[in-house]
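File shown here: target-v6.txt, holding compact mmCIF, C-alpha atoms.
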```txt
# COMPACT_ATOMS: atom_id res chain seq x y z
CA MET A 57 81.81 53.25 17.26
CA ASN A 58 83.29 49.90 18.36
CA ALA A 59 83.25 46.35 17.08
CA ALA A 60 81.01 44.98 19.85
CA ASP A 61 78.29 47.56 19.26
CA LEU A 62 78.45 47.13 15.49
CA ASP A 63 78.22 43.36 15.82
CA TYR A 64 75.23 43.60 18.16
CA GLN A 65 73.39 45.92 15.79
CA ALA A 66 74.14 43.76 12.77
CA ARG A 67 72.89 40.62 14.52
CA THR A 68 69.77 42.07 16.17
CA LEU A 69 69.01 44.99 13.80
CA ALA A 70 68.39 47.01 16.98
CA GLY A 71 69.42 50.62 17.41
CA CYS A 72 70.21 51.05 13.72
CA ILE A 73 68.69 51.48 10.27
CA PRO A 74 68.14 47.89 9.01
CA PRO A 75 69.21 46.89 5.49
CA GLN A 76 65.70 46.69 4.01
CA LEU A 77 64.99 50.27 5.06
CA VAL A 78 68.35 51.45 3.73
CA THR A 79 67.34 49.93 0.41
CA ARG A 80 63.99 51.69 0.61
CA LEU A 81 65.62 55.03 1.36
CA LEU A 82 67.74 54.68 -1.75
CA GLU A 83 64.75 53.63 -3.84
CA LEU A 84 62.95 56.79 -2.73
CA GLY A 85 65.92 58.96 -3.68
CA HIS A 86 67.28 59.74 -0.21
CA GLU A 87 70.93 59.21 -1.11
CA GLN A 88 72.10 62.20 0.93
CA GLU A 89 70.53 60.81 4.08
CA VAL A 90 72.14 57.41 3.53
CA GLU A 91 75.49 59.11 2.92
CA ARG A 92 75.09 61.21 6.07
CA GLN A 93 74.18 58.25 8.25
CA ALA A 94 77.07 56.23 6.80
CA GLY A 95 79.35 58.81 8.34
CA HIS A 96 77.62 58.55 11.72
CA GLY A 97 78.04 54.89 12.56
CA GLU A 98 75.17 53.34 10.58
CA TRP A 99 76.78 50.20 9.22
CA PHE A 100 74.11 49.17 6.74
CA CYS A 101 74.06 52.70 5.32
CA ALA A 102 77.85 52.63 5.04
CA ARG A 103 77.86 49.27 3.30
CA GLU A 104 75.26 50.27 0.72
CA TRP A 105 76.72 53.72 0.14
CA ALA A 106 80.17 52.23 -0.40
CA ARG A 107 78.71 49.73 -2.88
CA LEU A 108 77.02 52.53 -4.76
CA LEU A 109 80.21 54.57 -4.94
CA GLY A 110 82.18 51.52 -6.05
CA GLY A 111 79.65 50.81 -8.77
CA ARG A 112 80.13 54.35 -10.02
CA GLY A 113 83.89 53.89 -10.22
CA ARG A 114 84.59 56.05 -7.16
CA HIS A 115 86.73 53.40 -5.50
CA ALA A 116 88.80 55.61 -3.22
CA GLN A 117 85.68 57.24 -1.77
CA ALA A 118 84.03 53.85 -1.30
CA LEU A 119 87.01 52.61 0.73
CA GLU A 120 87.02 55.84 2.72
CA VAL A 121 83.39 55.23 3.72
CA LEU A 122 84.28 51.83 5.17
CA ALA A 123 87.56 52.93 6.76
CA PRO A 124 86.19 53.88 10.23
CA TYR A 125 84.36 50.58 10.47
CA VAL A 126 87.41 48.58 9.40
CA ALA A 127 89.48 50.49 11.96
CA THR A 128 87.40 48.96 14.78
CA GLY A 129 88.73 45.52 13.83
CA TRP A 130 85.21 44.22 13.16
CA TRP A 131 85.55 41.32 10.75
CA THR A 132 82.27 41.97 8.92
CA ALA A 133 83.53 45.38 7.81
CA VAL A 134 86.92 43.96 6.87
CA GLN A 135 85.27 41.29 4.75
CA ALA A 136 83.06 43.88 3.02
CA ARG A 137 86.14 45.90 2.12
CA ALA A 138 87.97 42.79 0.91
CA GLU A 139 85.03 41.80 -1.29
CA MET A 140 85.06 45.23 -2.86
CA LEU A 141 88.77 45.03 -3.58
CA ARG A 142 88.36 41.60 -5.10
CA GLY A 143 85.51 42.84 -7.26
CA TRP A 144 87.74 45.59 -8.58
CA GLY A 145 90.48 43.12 -9.48
CA ARG A 146 92.66 44.05 -6.51
CA GLY A 147 92.88 40.58 -5.02
CA GLU A 148 96.36 40.93 -3.56
CA GLU A 149 95.26 43.92 -1.50
CA ALA A 150 92.25 41.93 -0.28
CA ILE A 151 94.55 39.06 0.75
CA GLU A 152 96.87 41.30 2.74
CA LEU A 153 93.92 43.01 4.39
CA CYS A 154 92.48 39.70 5.61
CA ARG A 155 95.70 37.88 6.50
CA PRO A 156 96.05 39.12 10.10
CA TYR A 157 92.44 38.23 10.92
CA ALA A 158 92.87 34.70 9.59
CA GLN A 159 96.16 34.32 11.47
CA ALA A 160 94.42 35.43 14.66
CA GLY A 161 92.17 32.37 14.39
CA ASP A 162 88.83 33.95 13.52
CA ARG A 163 86.88 31.04 12.03
CA LEU A 164 84.92 33.11 9.52
CA ALA A 165 88.00 35.06 8.53
CA LEU A 166 90.02 31.88 8.09
CA VAL A 167 87.54 30.35 5.65
CA PHE A 168 87.12 33.56 3.67
CA PHE A 169 90.88 34.08 3.53
CA ALA A 170 91.55 30.50 2.43
CA ARG A 171 89.02 30.71 -0.40
CA LEU A 172 90.54 34.04 -1.43
CA LEU A 173 94.02 32.52 -1.54
CA ALA A 174 92.78 29.61 -3.65
CA GLU A 175 91.05 31.98 -6.04
CA TYR A 176 94.35 33.79 -6.61
CA GLY A 177 96.48 30.71 -7.22
CA GLN A 178 97.66 30.11 -3.68
CA GLY A 179 95.65 26.97 -3.02
CA ALA A 180 98.50 25.08 -1.34
CA GLU A 181 98.82 27.75 1.36
CA ALA A 182 95.05 27.76 1.82
CA PHE A 183 95.04 23.97 2.21
CA THR A 184 97.78 24.14 4.84
CA LEU A 185 95.89 26.76 6.82
CA LEU A 186 92.73 24.65 6.94
CA ARG A 187 93.99 21.11 7.37
CA ASP A 188 94.33 21.27 11.16
CA GLY A 189 90.65 22.18 11.42
CA ILE A 190 89.38 19.08 9.61
CA GLU A 191 87.15 18.15 12.57
CA ASP A 192 85.15 21.36 12.11
CA TRP A 193 82.46 20.87 9.41
CA PHE A 194 82.76 24.49 8.26
CA LEU A 195 86.52 24.37 7.87
CA ALA A 196 86.34 20.91 6.31
CA GLU A 197 83.93 22.16 3.67
CA ALA A 198 86.33 24.97 2.77
CA LEU A 199 89.25 22.53 2.78
CA VAL A 200 87.56 20.37 0.15
CA ASP A 201 86.85 23.42 -1.99
CA VAL A 202 90.42 24.72 -1.92
CA ALA A 203 91.81 21.20 -2.44
CA GLU A 204 90.44 21.23 -5.97
CA ALA A 205 92.20 24.51 -6.79
CA ALA A 206 95.41 23.26 -5.18
CA GLY A 207 95.39 19.87 -6.91
CA LEU A 208 95.26 18.17 -3.52
CA ASP A 209 92.06 16.17 -3.81
CA GLU A 210 93.69 12.88 -2.79
CA GLU A 211 95.26 14.43 0.30
CA ALA A 212 91.87 15.84 1.35
CA ALA A 213 90.18 12.51 0.60
CA ALA A 214 92.70 10.61 2.74
CA MET A 215 92.04 12.94 5.67
CA LEU A 216 88.29 12.45 5.35
CA VAL A 217 88.63 8.67 5.12
CA THR A 218 90.56 8.78 8.39
CA ARG A 219 87.81 10.81 10.03
CA ILE A 220 85.10 8.45 8.73
CA GLU A 221 86.96 5.40 9.98
CA ALA A 222 87.37 7.05 13.39
CA ALA A 223 83.61 7.49 13.83
CA ALA A 224 82.48 6.18 17.21
CA PRO A 225 79.10 5.21 18.72
CA ALA A 226 77.16 8.27 19.76
CA CYS A 227 76.40 6.83 23.21
CA GLY A 228 77.53 4.10 25.58
CA ASP A 229 74.85 1.65 24.48
CA PRO A 230 76.61 -1.25 22.72
CA ASP A 231 73.56 -1.71 20.49
CA CYS A 232 73.58 1.93 19.35
CA THR A 233 73.89 2.20 15.59
CA ASN A 234 74.29 5.98 15.54
CA LEU A 235 77.83 7.15 15.00
CA ARG A 236 79.46 10.40 16.04
CA MET A 237 81.52 11.60 13.12
CA GLU A 238 83.70 14.70 13.16
CA PRO A 239 83.12 16.46 10.91
CA TRP A 240 79.54 15.30 10.59
CA ASN A 241 79.59 16.00 6.83
CA ALA A 242 82.71 13.92 6.12
CA ILE A 243 80.86 11.42 3.91
CA ASP A 244 79.21 14.15 1.84
CA LEU A 245 82.53 15.93 1.38
CA LEU A 246 84.36 12.76 0.37
CA ALA A 247 81.56 11.99 -2.11
CA ALA A 248 81.98 15.48 -3.59
CA ILE A 249 85.68 14.78 -4.18
CA ARG A 250 84.99 11.42 -5.78
CA GLU A 251 82.36 12.95 -8.05
CA ARG A 252 84.68 15.60 -9.41
CA GLN A 253 87.32 12.92 -9.93
CA GLY A 254 84.83 11.12 -12.13
CA ARG A 255 84.44 8.25 -9.67
CA ILE A 256 80.67 8.42 -9.68
CA GLU A 257 79.96 4.90 -8.43
CA GLU A 258 82.09 5.50 -5.35
CA ALA A 259 80.34 8.81 -4.72
CA ILE A 260 76.94 7.15 -4.93
CA ALA A 261 78.00 4.33 -2.63
CA LEU A 262 79.28 6.82 -0.09
CA LEU A 263 76.09 8.86 -0.07
CA ARG A 264 74.02 5.73 0.45
CA ARG A 265 75.86 5.29 3.77
CA ARG A 266 74.67 8.59 5.27
CA SER A 267 72.52 8.64 8.39
CA THR A 268 71.31 12.17 7.63
CA THR A 269 70.12 12.28 4.05
CA SER A 270 68.74 15.80 3.76
CA VAL A 271 70.37 19.10 4.67
CA ASN A 272 68.57 22.41 4.14
CA ASN A 273 65.82 20.58 2.25
CA ARG A 274 68.24 19.18 -0.32
CA ASP A 275 69.42 15.62 -0.75
CA ALA A 276 72.98 15.27 -2.03
CA LEU A 277 72.40 11.81 -3.51
CA ALA A 278 69.32 12.96 -5.41
CA ASP A 279 71.22 15.98 -6.70
CA LEU A 280 74.15 13.81 -7.81
CA LEU A 281 71.90 11.36 -9.66
CA ALA A 282 70.14 14.26 -11.38
CA ARG A 283 73.41 15.90 -12.43
CA HIS A 284 74.51 12.70 -14.12
CA ASP A 285 71.18 11.98 -15.78
CA ARG A 286 70.68 8.73 -13.87
CA ILE A 287 66.94 9.18 -13.84
CA ASP A 288 65.96 5.55 -13.32
CA GLU A 289 68.13 5.39 -10.20
CA LEU A 290 66.70 8.72 -9.06
CA ARG A 291 63.17 7.33 -9.48
CA GLU A 292 64.08 4.29 -7.42
CA TYR A 293 65.67 6.40 -4.72
CA ALA A 294 62.75 8.86 -4.66
CA ALA A 295 60.36 5.98 -3.98
CA SER A 296 62.23 5.07 -0.79
CA GLU A 297 63.35 8.48 0.54
CA HIS A 298 60.70 9.55 3.05
CA HIS A 299 61.49 13.28 3.35
CA GLY A 300 60.24 13.94 -0.18
CA HIS A 301 63.38 15.81 -1.19
CA ALA A 302 64.41 13.16 -3.70
CA VAL A 303 60.98 13.16 -5.34
CA GLN A 304 61.13 16.94 -5.49
CA ARG A 305 64.49 16.75 -7.29
CA LEU A 306 63.03 14.21 -9.73
CA ALA A 307 60.06 16.48 -10.38
CA GLU A 308 62.40 19.43 -10.97
CA VAL A 309 64.30 17.44 -13.59
CA LEU A 310 61.12 16.37 -15.35
CA GLU A 311 59.68 19.89 -15.35
CA ALA A 312 62.94 21.30 -16.75
CA ARG A 313 62.61 18.80 -19.60
CA GLY A 314 59.10 19.99 -20.34
CA ASP A 315 57.43 16.93 -18.84
CA VAL A 316 55.12 18.72 -16.42
CA GLU A 317 52.64 15.84 -16.39
CA GLY A 318 55.40 13.49 -15.39
CA ALA A 319 56.47 15.82 -12.59
CA VAL A 320 52.92 16.10 -11.29
CA ALA A 321 52.53 12.32 -11.47
CA VAL A 322 55.59 11.59 -9.33
CA TYR A 323 54.41 14.09 -6.73
CA ARG A 324 50.92 12.59 -6.67
CA ALA A 325 52.25 9.06 -6.36
CA PHE A 326 54.40 10.07 -3.39
CA ALA A 327 51.52 12.02 -1.82
CA ALA A 328 49.29 8.95 -1.98
CA GLU A 329 51.58 6.96 0.31
CA GLY A 330 51.32 7.37 4.07
CA ASP A 331 52.07 10.95 5.13
CA GLY A 332 53.65 11.81 1.78
CA LEU A 333 51.22 14.66 1.10
CA TRP A 334 52.60 16.57 4.10
CA HIS A 335 56.04 16.55 2.50
CA VAL A 336 55.20 17.47 -1.10
CA ALA A 337 51.99 19.51 -0.97
CA VAL A 338 53.79 22.86 -1.18
CA PRO A 339 56.16 22.08 -4.10
CA LEU A 340 53.32 20.29 -5.94
CA THR A 341 51.05 23.30 -5.46
CA ARG A 342 53.73 25.66 -6.76
CA LEU A 343 54.25 23.46 -9.82
CA LEU A 344 50.52 23.44 -10.57
CA VAL A 345 50.34 27.23 -10.24
CA ARG A 346 53.29 27.62 -12.62
CA ASP A 347 51.36 25.45 -15.07
CA SER A 348 48.22 27.63 -14.69
CA ARG A 349 46.31 24.84 -12.94
CA GLY A 350 44.90 26.84 -10.04
CA ASP A 351 41.94 24.55 -9.38
CA GLU A 352 44.21 21.57 -8.88
CA ALA A 353 46.58 23.59 -6.70
CA ILE A 354 43.72 24.60 -4.41
CA GLU A 355 42.49 21.01 -4.31
CA VAL A 356 45.90 19.84 -3.10
CA MET A 357 46.03 22.38 -0.27
CA ARG A 358 42.43 21.72 0.73
CA MET A 359 43.13 18.02 0.84
CA LEU A 360 46.08 18.68 3.15
CA ALA A 361 44.04 20.99 5.37
CA SER A 362 41.23 18.43 5.62
CA ARG A 363 43.44 15.75 7.12
CA PRO A 364 43.37 15.19 10.91
CA GLY A 365 45.37 18.06 12.39
CA GLY A 366 45.82 19.54 8.95
CA ALA A 367 44.08 22.88 9.43
CA GLU A 368 47.12 24.40 11.11
CA ASP A 369 47.71 28.12 10.82
CA TRP A 370 50.49 27.85 8.21
CA ILE A 371 48.47 25.50 6.02
CA VAL A 372 45.34 27.65 6.19
CA ASP A 373 47.52 30.70 5.52
CA ALA A 374 49.06 29.03 2.46
CA LEU A 375 45.65 27.94 1.16
CA CYS A 376 44.03 31.35 1.61
CA THR A 377 47.02 33.18 0.17
CA LEU A 378 46.66 30.91 -2.84
CA TYR A 379 42.99 31.86 -3.13
CA SER A 380 43.98 35.53 -2.99
CA ASP A 381 46.80 35.19 -5.52
CA LEU A 382 44.42 33.47 -7.93
CA GLY A 383 41.84 36.25 -7.61
CA ARG A 384 39.46 34.03 -5.64
CA ALA A 385 39.57 35.74 -2.26
CA ARG A 386 35.83 35.32 -1.67
CA GLU A 387 36.21 31.55 -1.90
CA GLY A 388 38.93 31.83 0.70
CA LEU A 389 36.55 33.73 2.97
CA ALA A 390 33.93 31.02 2.51
CA TYR A 391 36.51 28.43 3.53
CA LEU A 392 37.37 30.41 6.67
CA ASP A 393 33.67 30.79 7.48
CA ALA A 394 33.21 27.02 7.34
CA LEU A 395 36.30 26.49 9.46
CA LYS A 396 35.07 28.98 12.06
CA ALA A 397 31.62 27.39 12.13
CA GLY A 398 33.16 24.03 12.86
CA ARG A 399 35.38 25.34 15.65
CA GLY A 400 33.09 27.95 17.10
CA VAL A 401 35.95 30.46 17.44
CA GLU A 402 38.52 32.09 15.18
CA ASP A 403 41.88 32.71 16.79
CA TRP A 404 43.89 35.68 15.64
CA ASP A 405 46.25 33.46 13.64
CA PHE A 406 43.29 32.66 11.40
CA PHE A 407 41.61 36.05 11.59
CA GLN A 408 44.69 37.79 10.19
CA VAL A 409 44.32 35.58 7.13
CA ARG A 410 40.68 36.70 6.92
CA LEU A 411 41.84 40.31 7.05
CA LEU A 412 44.16 39.70 4.11
CA LEU A 413 41.28 38.24 2.09
CA LEU A 414 38.91 41.04 3.02
CA ALA A 415 41.47 43.57 1.85
CA ALA A 416 41.82 41.66 -1.42
CA CYS A 417 38.02 41.91 -1.83
CA GLY A 418 38.07 45.68 -1.27
CA LEU A 419 36.52 45.24 2.17
CA LEU A 420 39.38 46.48 4.31
CA ASP A 421 37.19 48.87 6.35
CA GLU A 422 34.86 46.01 7.25
CA GLY A 423 37.89 43.93 8.15
CA ILE A 424 39.25 46.62 10.45
CA GLU A 425 35.91 46.84 12.25
CA GLU A 426 35.91 43.08 12.71
CA ALA A 427 39.51 43.25 13.93
CA ARG A 428 38.59 45.81 16.60
CA ALA A 429 35.76 43.57 17.79
CA HIS A 430 37.96 40.46 17.89
CA PRO A 431 38.89 39.23 21.42
CA GLU A 432 42.55 39.78 20.55
CA GLY A 433 41.95 43.00 18.66
CA ASP A 434 43.58 45.21 21.28
CA THR A 435 46.91 43.38 21.29
CA TRP A 436 50.14 44.70 19.82
CA TYR A 437 50.30 41.90 17.26
CA ALA A 438 46.78 42.69 16.06
CA ALA A 439 47.75 46.35 15.72
CA ARG A 440 50.77 45.34 13.66
CA CYS A 441 48.63 43.27 11.29
CA VAL A 442 45.99 45.97 10.83
CA SER A 443 48.66 48.62 10.35
CA LYS A 444 50.37 46.60 7.62
CA ARG A 445 47.10 46.06 5.78
CA LEU A 446 46.33 49.79 5.92
CA ALA A 447 49.81 50.65 4.66
CA GLU A 448 49.45 48.21 1.79
CA GLY A 449 46.28 50.07 0.87
CA GLY A 450 48.15 53.38 0.83
CA ARG A 451 46.53 54.60 4.07
CA LEU A 452 49.76 55.40 5.87
CA VAL A 453 48.45 58.03 8.28
CA GLU A 454 45.81 55.59 9.53
CA ALA A 455 48.44 52.84 9.70
CA MET A 456 50.54 55.07 11.97
CA ALA A 457 47.53 55.87 14.15
CA VAL A 458 46.82 52.19 14.77
CA LEU A 459 50.33 51.71 16.16
CA GLU A 460 49.92 54.63 18.58
CA ALA A 461 47.89 52.39 20.90
CA HIS A 462 51.09 50.43 21.57
CA PRO A 463 53.83 53.10 21.61
CA ASN A 464 56.56 50.76 22.83
CA SER A 465 55.93 48.04 20.28
CA ASP A 466 56.90 47.61 16.64
CA GLN A 467 59.12 50.64 16.29
CA PRO A 468 60.66 49.30 13.05
CA LEU A 469 57.22 49.16 11.38
CA ARG A 470 56.48 52.66 12.65
CA ALA A 471 59.75 53.84 11.11
CA GLU A 472 58.91 52.10 7.84
CA HIS A 473 55.65 54.02 7.63
CA LEU A 474 57.40 57.29 8.43
CA ILE A 475 59.87 56.72 5.61
CA GLU A 476 57.01 56.21 3.19
CA LEU A 477 55.50 59.46 4.46
CA GLY A 478 58.79 61.27 3.84
CA ARG A 479 59.48 61.87 7.55
CA ILE A 480 63.00 60.56 7.35
CA LYS A 481 64.48 62.21 10.43
CA ASP A 482 61.64 60.96 12.64
CA ALA A 483 62.08 57.45 11.26
CA VAL A 484 65.84 57.46 11.88
CA ARG A 485 65.37 58.73 15.43
CA ILE A 486 62.93 55.94 16.24
CA LEU A 487 65.20 53.25 14.79
CA GLN A 488 68.29 54.48 16.60
CA GLN A 489 66.47 54.60 19.92
CA TRP A 490 64.78 51.23 19.57
CA THR A 491 65.96 48.32 21.71
CA PRO A 492 64.10 45.01 21.56
CA THR A 493 62.82 43.50 24.76
CA PRO A 494 65.50 41.04 25.97
CA ALA A 495 64.53 37.42 25.52
CA THR A 496 64.35 35.30 28.64
CA HIS A 497 66.28 32.05 28.74
CA GLY A 498 65.61 28.77 30.44
CA TRP A 499 62.39 27.15 31.56
CA SER A 500 59.99 29.03 33.76
CA SER A 501 56.97 27.59 35.52
CA THR A 502 54.99 30.60 34.29
CA ALA A 503 53.62 30.09 30.78
CA SER A 504 52.68 33.00 28.57
CA THR A 505 49.19 33.10 27.10
CA GLU A 506 49.99 35.94 24.71
CA PRO A 507 51.86 35.47 21.42
CA PRO A 508 54.65 35.13 20.63
CA PHE A 509 54.68 32.04 22.82
```
Can you turn what I pasted into structure tokens?
Amino acid sequence: MNAADLDYQARTLAGCIPPQLVTRLLELGHEQEVERQAGHGEWFCAREWARLLGGRGRHAQALEVLAPYVATGWWTAVQARAEMLRGWGRGEEAIELCRPYAQAGDRLALVFFARLLAEYGQGAEAFTLLRDGIEDWFLAEALVDVAEAAGLDEEAAAMLVTRIEAAAPACGDPDCTNLRMEPWNAIDLLAAIRERQGRIEEAIALLRRRSTTSVNNRDALADLLARHDRIDELREYAASEHHGHAVQRLAEVLEARGDVEGAVAVYRAFAAEGDGLWHVAVPLTRLLVRDSRGDEAIEVMRMLASRPGGAEDWIVDALCTLYSDLGRAREGLAYLDALKAGRGVEDWDFFQVRLLLLAACGLLDEGIEEARAHPEGDTWYAARCVSKRLAEGGRLVEAMAVLEAHPNSDQPLRAEHLIELGRIKDAVRILQQWTPTPATHGWSSTASTEPPF
């Protein structure tokens, strides 16, 4: 066991028992197997077994499980142990455990350690540790968080103002209006400080200056306006913000207040403008389903799919899954039939949706026959799809047999089926021997015609 191997397995989930299967083993009552594998280098088994022991008050044994992993110097294991100690009220031990890793300059360790210090009343030290990394967005975000605990908001704000003022054109073009700012999130972070200081107008003004308005499908200005009940301003902003994230936040506020009609109305108004439907079709559909308005939800997705270029695989998948969830799988099949008639062919991306609907109609055997006759029916990805449908129907032996045609593909799914069949040792052997095919890098003049592209 060494840190490099553990890190590779944790990142790729190759050569190990992945976390979702560890969870499944525990759900099926195979605690002894998880405990055994935890002692033989299986990190995800060790992590879950230690958590279980800790939850049962067996703290010393939980720490003992993690000890060999921590001894490799692998930060992920160290952090897991520190989180356990903190959860047990042993924060000082967690701090001393992490200190050398933070001092060694590990970026993840530094941020975790600084937040830990701030949590235990040592915010000033945490601030000092982070301040030299202000140009790094990740460290800057942590700096702003610990500044609050340390009472150093103004010091953090001054540093961010300096970084904002130092922003330079992103290229040599004198007409370029794009600025390179380090950290890139300096404006958002400064706005966060001003908001918690009660200087809301300044925070709003700052966020209106951003060049990037949405991060991870959230808009900080929309969220700020919602938090402070400035709904009229949020409406105005939502009408001009083209990503649709501000209108989504407005709809969330209205729905939370019980005004579902109002939420639907703002979505529909946005959808009616330009390409607005592309941005809000999914959250609007989910809202309609929550309000038991399935017909309207289907209408929205069909409208999106009917637009030029709209019948993409993910949209058709979403529409047909909606049909299935609403108990209207046969209508979904009729839609796919019409789509196929118009195109003359049905690629596998669409046929796998058909297979889902056929299974929902109790016609899985017919679907499997159609799958075998499909031009792509002998591919590994088709075998994976058919195998999953069979497994969902409780036909695990048949699901395993389908995968046998491609013995070097989809070992994790094979192992998943074996676990359900109670063949734990066989499943573990397959997982520990599995190595994914290395990805190629760089452009090649040879293009693949077989998914994944």
Counting all atoms listed in the file, the option among A:Leu62, A:Val271, A:Asp331, A:Thr233 closest to A:Ala302: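 Going through A:Leu62, A:Val271, A:Asp331, A:Thr233 one by one, the smallest distance to A:Ala302 is for A:Val271.
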Close residues, A:Glu257 itself excluded, 12 Å, all atoms listed in the file, min 3 positions apart in chain, as a JSON list (two decimals) with C-alpha atoms, keeping the file's coordinate frame:
```json
[["chain", "number", "residue", "atom", "x", "y", "z"],
["A", 247, "ALA", "CA", 81.56, 11.99, -2.11],
["A", 248, "ALA", "CA", 81.98, 15.48, -3.59],
["A", 250, "ARG", "CA", 84.99, 11.42, -5.78],
["A", 251, "GLU", "CA", 82.36, 12.95, -8.05],
["A", 252, "ARG", "CA", 84.68, 15.60, -9.41],
["A", 253, "GLN", "CA", 87.32, 12.92, -9.93],
["A", 254, "GLY", "CA", 84.83, 11.12, -12.13],
["A", 260, "ILE", "CA", 76.94, 7.15, -4.93],
["A", 261, "ALA", "CA", 78.00, 4.33, -2.63],
["A", 262, "LEU", "CA", 79.28, 6.82, -0.09],
["A", 263, "LEU", "CA", 76.09, 8.86, -0.07],
["A", 264, "ARG", "CA", 74.02, 5.73, 0.45],
["A", 277, "LEU", "CA", 72.40, 11.81, -3.51],
["A", 280, "LEU", "CA", 74.15, 13.81, -7.81],
["A", 281, "LEU", "CA", 71.90, 11.36, -9.66],
["A", 284, "HIS", "CA", 74.51, 12.70, -14.12],
["A", 286, "ARG", "CA", 70.68, 8.73, -13.87],
["A", 289, "GLU", "CA", 68.13, 5.39, -10.20]]
```
Looking at A:Leu81, A:Ala203, A:Ala447, A:Ala427, which one is nearest to A:Met215, with distances taken over all atoms listed in the file?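 That would be A:Ala203, the residue with the smallest distance to A:Met215.
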Two-atom distance - atom CA of A:His473, atom CA of A:Leu452 (Å):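 Interatomic distance, atom CA of A:His473 to atom CA of A:Leu452: 6.3 Å.
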Place a sphere of radius 6 Å on (70.4, 50.9, 10.2) in the file coordinates and name every protein, DNA or RNA residue with an atom inside or on its surface, counting only C-alpha atoms; give the answer as a list in words. Cys72, Ile73, Pro74, Glu98 and Phe100 of chain A
Could you dump the residues just selected with C-alpha atoms as a compact mmCIF listing (two decimals), in the frame of the given file?
```
# COMPACT_ATOMS: atom_id res chain seq x y z
CA CYS A 72 70.21 51.05 13.72
CA ILE A 73 68.69 51.48 10.27
CA PRO A 74 68.14 47.89 9.01
CA GLU A 98 75.17 53.34 10.58
CA PHE A 100 74.11 49.17 6.74
```
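The spacing separating atom CA of A:Glu152 from atom CA of A:Ala180 amounts to 16.8 Å.
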Please report the interatomic distance between atom CA of A:Thr132 and atom CA of A:Trp99 in Å with one decimal.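 Here the two named atoms are 9.9 Å from each other.
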Which residues are near A:Leu474? Cut-off 10 Å, only C-alpha atoms, ignore same chain within fewer than 3 positions. Put them as an NGL selection string. :A and (452-453 or 456 or 468-471 or 477-484 or 486)
Using only C-alpha atoms, which of the listed residues (A:Ala66, A:Ala198, A:Leu382, A:Ile371) sits closest to A:Phe183?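 Between A:Ala66, A:Ala198, A:Leu382, A:Ile371, the residue approaching A:Phe183 most closely is A:Ala198.
Minimum atom-to-atom distance to A:Leu389, evaluated using all atoms listed in the file, belongs to A:Val372 out of A:Val372, A:Ala182, A:Ala102, A:Ala212.
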Which residues are close to A:Ala429, i.e. within 12 Å by all atoms listed in the file, leaving aside same-chain residues fewer than 6 positions away? Reply as a list of chain:residue names.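 Listed by chain and then number, they are A:Trp404, A:Phe407, A:Glu422, A:Gly423, A:Thr435, A:Ala438.
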